[in-house]
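Quick notes on the structure that follows.
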Amino acid sequence: MKIQELKQAGLYKKTVAEILSMDRGTVAKYWNCSEPEKQKPIYHRSSILDPYKDYIKERLEKWPKLSAERLFNEIKEKGYTGSNRTVRRYVATIRPQGSREYKPYETLPGEQAQIDWGHMGEIIENGRRKKLYVFVFCLSWSRQRYVEFITSLNSAVFNGCVHRALNYIGGVPETILFDNAKTVVSERVGTVIRFNENLMHIALKYGFTPKACWVNDAESKGKVESNVKYVKHGFYYARDFTSVDDLNNQAMEWLETVANAKPHGTTGCVPAEQLIKEQKYLKPLPPIKEALPVTEKRKATKTALIFIDANKYSVPAQFARKTVRYLRYEDRIEILDDKSVIATHQLAKGKNQTIINDNHYPLHNQPAKKPKNALQAKFEALAPEAAEYLQGLSRSRHGHLREQMEKIIALAKQHDSAIVSNAMKRSLSFGAFGYGILKRIIDRQIKAPRSLPEPPNNTKKAKLNTLYHVDVERRDTSYYGGVM
């Protein structure tokens, strides 16, 4: 009857429900009832929890934040035999709901922008499973948005996102409001905030003042918080894409044709049109061509390698076992010596890779000068052809190599070096090696040089196959001159 009376007074269902502390569904049920006294009575069903409801109410009145799990354990000790789920359902209906009121914070053109990140699940990139995030930038007055999907939250990527966002809106706001991520706040005690050194560096270069919202207070940056939800449900949900680049290309098109091109739900104005008005209040962009790098340090190993994101990169050998400073960009690192860049590496996209620049190891680029064996050095000094002859001798099968070398050295001591050199040349031309063969050639060079056969006409040397080589000695008649 009270519902009908208030209805006749011209009130709406919502107002009636608030006045009578009723559910709006109950009000709607009796809204069009002409004879409410004839409605079916509502019967109350008994519950196994009934004997304990007063206890639960008393506990929640004194301690409003008591969990349903805690209350379940307490009444269980008092004899309750029902389920935990029944307790949770009942607690949800009677728990005191703290009312929070928020005062809308309106900003002037060019006064503020807000930045936040959202986690979007996982993606397979370059054969690796990576977490996918979205970077969201929003101008507080015009509501102009910028969106970029990323797979890393390191400072170099953060710098790149801020750089592209400011270039997208064509200016710099007075302040930018962030949450309390590690890339923003390095330490906080109450209202005292120590900002990340990298953030202070880019704030100085671009000319904005960084601010951090209250911890666990999403409403203090509600404009960008709502935009993160808008991106998740209005763009990302059920969208097909082949890569992060493809996803970002689609996001840019969505910004131009939907997000910034249609009236905003709160302001009723088109963000892109409002941005034109706001741009004259923004600070001009500084002459920065690409995102600012981050200075980092790593300790090099004894092999002059540094570890970055599960990959290894070489540094000049003189930095082995030393701390190395380098500039980290989104796509590369630049290794520093004092303030100058002495080496550059493109960042690997995979994992567990080793990227080496051979110029970082100059000593290893030169052929190794190993000390020669004394016997080898002595043999190769016999004649200019001795080194090549020794290689052929090593492939022959005339006794042990060391024994053959020692015999040939002893033989060479008995003759002039020119004779030994000519004998080795002839051996090389026929591909015949060994102490005995070389001795016969030397003897015939001295006693009957005209009896020596002509070397092969072809320029190629005979194949070194002494297993089946048969040396046939040829003599002219002069050899037999004194044999009678």
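Residues in the structure tokens are numbered from 1 in each chain, the chains being A, B, ... in the order shown, and ligands are numbered from 1 in the order shown.
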
Neighbours of A:Leu177 within 6 Å (only C-alpha atoms; same-chain residues fewer than 3 positions away dropped), as number ranges by chain? A: 114, 211-212

Go through A:Tyr230, A:Arg298, A:Tyr80, A:Lys425 and flag the residue nearest A:Gly265, using only C-alpha atoms for the distances.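 Checking each candidate against A:Gly265, we get A:Tyr230 as the closest.
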
Name the closest residue to A:Ser421 among the candidates A:Ala320, A:Ala381, A:Ile124, A:Ile202; distances are taken between atoms, counting only C-alpha atoms.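 So, comparing all the options, the nearest one is A:Ala381.
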
Set the distance at 10 Å and use only C-alpha atoms: which residues neighbour stretch 115-120 of chain A once local chain neighbours fewer than 5 positions away are removed? I'd like the list as a ChimeraX atom specification. /A:131-139,145-151,153,162,165,176-181,221,223-225,227-229,231-232,236-237

Looking only at helix (DSSP H, G or I) from DSSP on the backbone, list the matching residues of stretch 150-321 of chain A as JSON, numbers by chain. {"A": [155, 156, 157, 158, 159, 160, 161, 162, 163, 164, 165, 166, 167, 168, 169, 197, 198, 199, 200, 201, 202, 203, 204, 205, 206, 218, 219, 220, 221, 222, 223, 224, 225, 226, 227, 228, 229, 230, 231, 232, 233, 234, 235, 236, 244, 245, 246, 247, 248, 249, 250, 251, 252, 253, 254, 255, 256, 257, 258, 259, 271, 272, 273, 274, 275, 276, 277, 278, 279, 280, 281, 317, 318, 319]}

If we count only C-alpha atoms, what is near stretch 299-316 of chain A at a cut-off of 6 Å, once residues fewer than 4 positions away on the same chain are taken out, given as a list in words?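 Non-adjacent residues within range: Ala320, Arg321, Lys322, Thr323, Lys351, Asn352, Gln353, Thr354, Ile355, Ile356 and His360 of chain A.
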